[in-house]
Structure formats: C-alpha cells, structure tokens
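Here's the structure, in structure tokens; my notes come after.
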Amino acid sequence: MEKTTESSVESVKRVLQFYYLCFAALLVFGITFQVALTNIVGLPAFFDELVLIFMLADISFRALKNSSAKRALILYAISFTILFALSFSAIGNRGIFAVCLQIFIHLKFIVFIGYLWLVFGPTRLRFVALAVLALTAFFMFINLATGATFNQIFEVATNIRGGLVRPIGFQGDTASLGTTIALLGIFLVTIIARSNRQLAIIFLVSLAVLLFLSSSRTSMIVLPIMVAWWFRQSIKAAAIAGVLVLLLVVTAPSNPYIAELIEITEQNIEWTVDNPVESAYIRGIMIFFSFELANQNFPFGTGAATYGTVMSEESFVYAELGLHNSRFFIETDGIYDSNLASLLGEFGYLGLVIYLALFYKAITLFRSESVEQPNEFTFAICMAALVFGISTPLFMNTYPAFILALVCAASYSEKPQTSEAIPSHSS
C-alpha cells in the first residue's frame, strides 16, 4: 500500500513538473518575442518586469533546498547590496524606490541565468538557443526580402545602408538582431562545434554572412574574437585567418557597404571629440561624459538611477553636465544605448570593475567537479560583453540580457568522468 501511495505521489510530482515546465517555456517564449507580441497582440510592455520578479521569487523558493539556487540567490543578494552601497548618495536626489528599481534592472542577467539553469538545464537550453538562431535567420531573410512591409508590423522606418536594407528581424531593431546573431554564433562555434574544427570554420563563415547582412557594426567584432581564441593552438589555421583578415583590410575600402560603415564610424568619433555636448551621436555623448563623471566622483560614480539608465529621467546629473536641454535627455532617446557608459557614470571606475567581476562570477557560477564550461566560450563571451556594452544596453535591456543568459546557461555540460546529473527539468 505504501509503495502504491509513493508511486502516486511521484506521478503527481512528474505531472506538476511537466505543467510547470510548459508554463516556464511560455515565459521564455514571451521574453524572446516580446517586441513582436507587443506590436501584434498588445502584450503589456511591463511583461518582462513581471517575469523577472516571478523568476527571482522562484529562485528564492528553490534556494531552501537546492544548493545551486542558493548560490544564485547569494550572488544576487551580494550584488544588490554592493550596488546599493555605491548608490547611497543618490537616494536623497532620486529616491530609494528609483535607486532599487534601477539596481534590479542592472542585475536582471543574474536572475535569467539562474532561472534558466535551474528550470531547463543546459541540454534543453541548447535546443532553445539553436531554435532562436534559426528563427532569427529566417525572419531576417524575410525582412530583407520584403523590406518596408515587414517593418510596418513594428512601426519602424526602413533604413538603407550601402544600398542594402537594414533588417530589424522579429527583435524589432537592428542592434538587437545583430547582438542575437553574434551571441548565439559564439555559442554555436565554441560549444556545438568545439570538437570539430572543420565544422567550426563552416559556422564561422556562415556567421560572418549573417552578421554582414544584419548591418550591425558592433556585432562584427565577434569574428576576430572567436578566431583569435579558437585557432590559438593551430599555427596553420591562424596563418589562414591572418591572410583572410589582411585581404579584408585591403579590399574593404573598395566595397561601398564597408566604406559607408567606416565613414559613419569616423563621423561619429569626430562629432564626439569636436563638440560632445551638441553631438548628434548619443552613444558618444554618453561615453564622453561617463568618464567625466567617473573622474569627478573618483573612485565612485553618482549612484543608480542618475545617468544613462531607464530610471535617470530628469536626473540632476544632466543639469550639472549641461545636457538637460538636449533633445536626447528631454525625450530620453538613446541615453542608455551604451551600457558601459551607464555603469561607469553611475558606479565609477571601482563600481564598473566590481560589476564586471560579478558578471564573470555569474556566467561561471555553476562550474563544479561534475560540470564543465569551455574556456573558449568564457573568453569569447566576456570579450563580446565588453564590446557590446559600449554601444548596446546589453545588461539593462531585457531581450539582449536574456539572450546573453541563455547562451551562458546552455554552455555547461557534464564532465566525461562523471554521471551525476545536471539540471534538465524543473525540480
């Protein structure tokens, strides 16, 4: 009788776990396609914040019995406490709610990594990552083929660069599209194809084509990052890569598309250097003045919710810098497009170093005697995060933060010598 009862209880548990896994999958689907769902079916804009609160609550509940959840929760608590301490001076001007909410936004990637690992596990997440990459490529090609018709769904104007349409994909903007391809491309090359160099080269070439078509300048930097690490032990492969890079440098200026990218980049730098206050390049403005704030408030910044973040609207800092009359800061248009500038301005040099250290700890949090994570991946994703942080809200914006967390959580695998299971389902 006891065995029958235990069997029934286990059956009920499995059923509940299955339904919860389906529910969690819907949350992941909603986060992945939030921009499209908001435009098409009216999904609330605050959907992602509600999901984050739920995920953090789930991690907290699991931490009562699960050591991995406890590690994630402790890291989150330590991170929150440190950033709050660095922001203490801002509370008087911005209010404790705004400061705490902005810190919550800064740390969303920790919540995503912890939740994805605990609920889905790396095996399922690898399938999700590959599916997102395939859908990204599929919708990008549709976007390129239909042009303005596709963009009308998102109410986004069609932009042309070098004679080619700048696609936005189901992500709704070119930057997020490029970030998706780059981050998932790192995962594809360093995880899926790590044991097959020929396959890795094929993936690299395919990735280069996709990045070129995405027209995202920042995203293209991941190619030399991956080549530098992946081919580090092969002199022949490194020589081939070097020749290809040299050919690219020599022939790039003659390509109208590449030439325009170079011209735009040079123009952005000139605007920022010549007159940063009146520059038309908002990322340059944010980066320039983030160093000024970091220098003035050395080694700390001005605190959360004060500079270049969602909660920094009408911040006293902008008036002090003479930026409060700029349309960018009146309309809060693009002021948080440079995540590293936001972090440097709000937390200073010391705070930025601490934040990046916390990020590294988060992406390597679940390494253990039984679970490994390739060094190739860790190196490439850290370098990519630094590059993307300059020109995108990689950590603050929900979608790129989620994609970043997805590839990080999916990068783990069991070590060959052990049969201990790593999370693959809700528990």
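Naming works like this for the structure tokens: A, B, ... for the chains as they're shown, residue 1 at the start of each chain, ligands 1 onward in shown order.
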
Practice problem: Would you mind listing what lies within 9 Å of stretch 360-373 of chain A as a PyMOL selection string, with only C-alpha atoms counted and same-chain residues fewer than 2 positions away left out? | Solution: chain A and resi 68+71-72+75-76+109-110+113-114+117+191+355-358+375-378+382+405+408-409+411-422

Please provide as a compact mmCIF listing (two decimals) with N, CA and C atoms, in the first residue's frame all residues within 10 Å of A:Phe97, with the sequence filter that same-chain residues fewer than 4 positions apart are discarded (counting only C-alpha atoms).
```txt
# COMPACT_ATOMS: atom_id res chain seq x y z
N ILE A 91 20.25 58.42 -3.17
CA ILE A 91 18.91 58.23 -2.62
C ILE A 91 18.24 59.57 -2.31
N LEU A 101 14.96 50.06 -7.97
CA LEU A 101 14.44 49.54 -9.23
C LEU A 101 15.52 49.52 -10.30
N GLN A 102 16.36 50.56 -10.32
CA GLN A 102 17.43 50.58 -11.32
C GLN A 102 18.46 49.49 -11.04
N ILE A 103 18.77 49.24 -9.79
CA ILE A 103 19.70 48.16 -9.45
C ILE A 103 19.10 46.82 -9.87
N ALA A 305 20.30 55.13 -11.06
CA ALA A 305 19.17 55.97 -11.45
C ALA A 305 19.57 57.43 -11.66
N MET A 311 15.79 54.72 -15.26
CA MET A 311 15.25 55.49 -14.14
C MET A 311 15.94 56.84 -13.93
```

Considering only C-alpha atoms, return as a PDB file with C-alpha atoms, in the first residue's frame whatever protein or nucleic-acid residues lie within 7 Å of stretch 144-155 of chain A, sequence-local ones (same chain, fewer than 4 positions apart) excluded.
```
ATOM      1  CA  ASN A  39       3.014  45.103 -31.543  1.00  0.00           C
ATOM      2  CA  MET A 140      15.911  38.371 -41.151  1.00  0.00           C
ATOM      3  CA  VAL A 165      18.056  47.389 -46.245  1.00  0.00           C
ATOM      4  CA  PRO A 167      16.864  44.493 -41.213  1.00  0.00           C
ATOM      5  CA  GLY A 172      12.313  44.925 -33.776  1.00  0.00           C
TER       6      GLY A 172
END
```

Exercise. Write out as a ChimeraX atom specification the residues lying within 6 Å of A:Phe347, counting only C-alpha atoms and excluding same-chain residues fewer than 5 positions away.
Key: /A:300-301,303

Quiz item: Neighbours of stretch 127-134 of chain A within 12 Å (only C-alpha atoms; same-chain residues fewer than 6 positions away dropped), as an MDAnalysis selection string?
Solution: chainID A and resid 25 28:29 31:33 116 120:121 140:141 169:171 177:189 191:192 206:207 210 402:411 424

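Nearest residue to A:Gly389, choosing from A:Ala157, A:Leu107, A:Leu343, A:Val310 and counting only C-alpha atoms: A:Leu343.
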
Self-check item: Proximity to A:Asp58 - best of A:Leu340, A:Ala45, A:Leu73, A:Ile354, only C-alpha atoms
Solution: A:Leu73

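Remark: for A:Thr302, the closest of the candidate residues A:Leu125, A:Ile82, A:Ala90, A:Val15 is A:Ala90 (distances computed over only C-alpha atoms).
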
Practice problem: Work out how far apart atom CA of A:Ala98 and atom CA of A:Ser342 are and give it in Å to one decimal. | Solution: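 Result for atom CA of A:Ala98 versus atom CA of A:Ser342: 15.2 Å, one decimal.
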
Find the residues around A:Thr306 up to 9 Å (only C-alpha atoms counted), leave out those fewer than 5 positions away in its own chain, and share them as a compact mmCIF listing (two decimals) with N, CA and C atoms, in the first residue's frame.
```txt
# COMPACT_ATOMS: atom_id res chain seq x y z
N ALA A 90 22.86 58.75 -3.89
CA ALA A 90 21.85 59.14 -4.87
C ALA A 90 20.44 59.09 -4.31
N ASN A 93 18.48 62.40 -3.81
CA ASN A 93 18.01 63.09 -5.02
C ASN A 93 17.03 62.27 -5.84
N ARG A 94 17.22 60.97 -5.89
CA ARG A 94 16.42 60.14 -6.78
C ARG A 94 15.34 59.32 -6.06
N VAL A 99 16.20 54.11 -7.08
CA VAL A 99 17.53 53.52 -6.95
C VAL A 99 17.45 51.99 -6.93
N MET A 311 15.79 54.72 -15.26
CA MET A 311 15.25 55.49 -14.14
C MET A 311 15.94 56.84 -13.93
N SER A 312 16.76 57.26 -14.90
CA SER A 312 17.53 58.50 -14.72
C SER A 312 16.86 59.72 -15.36
N GLU A 313 15.62 59.60 -15.77
CA GLU A 313 14.93 60.71 -16.40
C GLU A 313 14.91 61.93 -15.48
N GLU A 314 15.26 63.10 -16.04
CA GLU A 314 15.31 64.37 -15.30
C GLU A 314 16.29 64.31 -14.13
N SER A 315 17.34 63.56 -14.28
CA SER A 315 18.35 63.45 -13.23
C SER A 315 19.09 64.77 -13.04
N PHE A 316 19.44 65.07 -11.82
CA PHE A 316 20.20 66.28 -11.50
C PHE A 316 21.56 66.27 -12.18
N VAL A 317 22.08 65.09 -12.48
CA VAL A 317 23.40 64.96 -13.11
C VAL A 317 23.42 65.61 -14.49
N TYR A 318 22.33 65.47 -15.25
CA TYR A 318 22.29 66.04 -16.60
C TYR A 318 22.37 67.57 -16.56
N SER A 342 26.80 53.87 -18.91
CA SER A 342 25.85 53.99 -17.80
C SER A 342 26.47 53.49 -16.51
N GLY A 345 29.33 55.86 -15.33
CA GLY A 345 28.81 57.10 -14.78
C GLY A 345 28.15 56.90 -13.42
N GLU A 346 27.40 55.83 -13.27
CA GLU A 346 26.65 55.61 -12.03
C GLU A 346 27.49 55.00 -10.91
```

Exercise. Going by DSSP on the backbone, which bits of stretch 34-210 of chain A are alpha helix (DSSP H)? Write them as a ChimeraX atom specification, please.
Key: /A:34-40,47-62,67-86,91-94,96-106,108-119,121-146,148-154,174-187,197-210

Practice problem: Kindly indicate which residue among A:Phe328, A:Phe18, A:Phe298, A:Tyr115 lies nearest to A:Met286, using only C-alpha atoms for the distances. | Solution: A:Phe328

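Closest to A:Glu320 among A:Val111, A:Leu43, A:Leu135, A:Leu293 is A:Leu293, based on only C-alpha atoms.
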
Quiz prompt | Among listed residues A:Ile96, A:Leu386, A:Leu204, A:Leu27, nearest A:Val353 (using only C-alpha atoms) | solution =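 Result for the nearest residue to A:Val353: A:Leu386.
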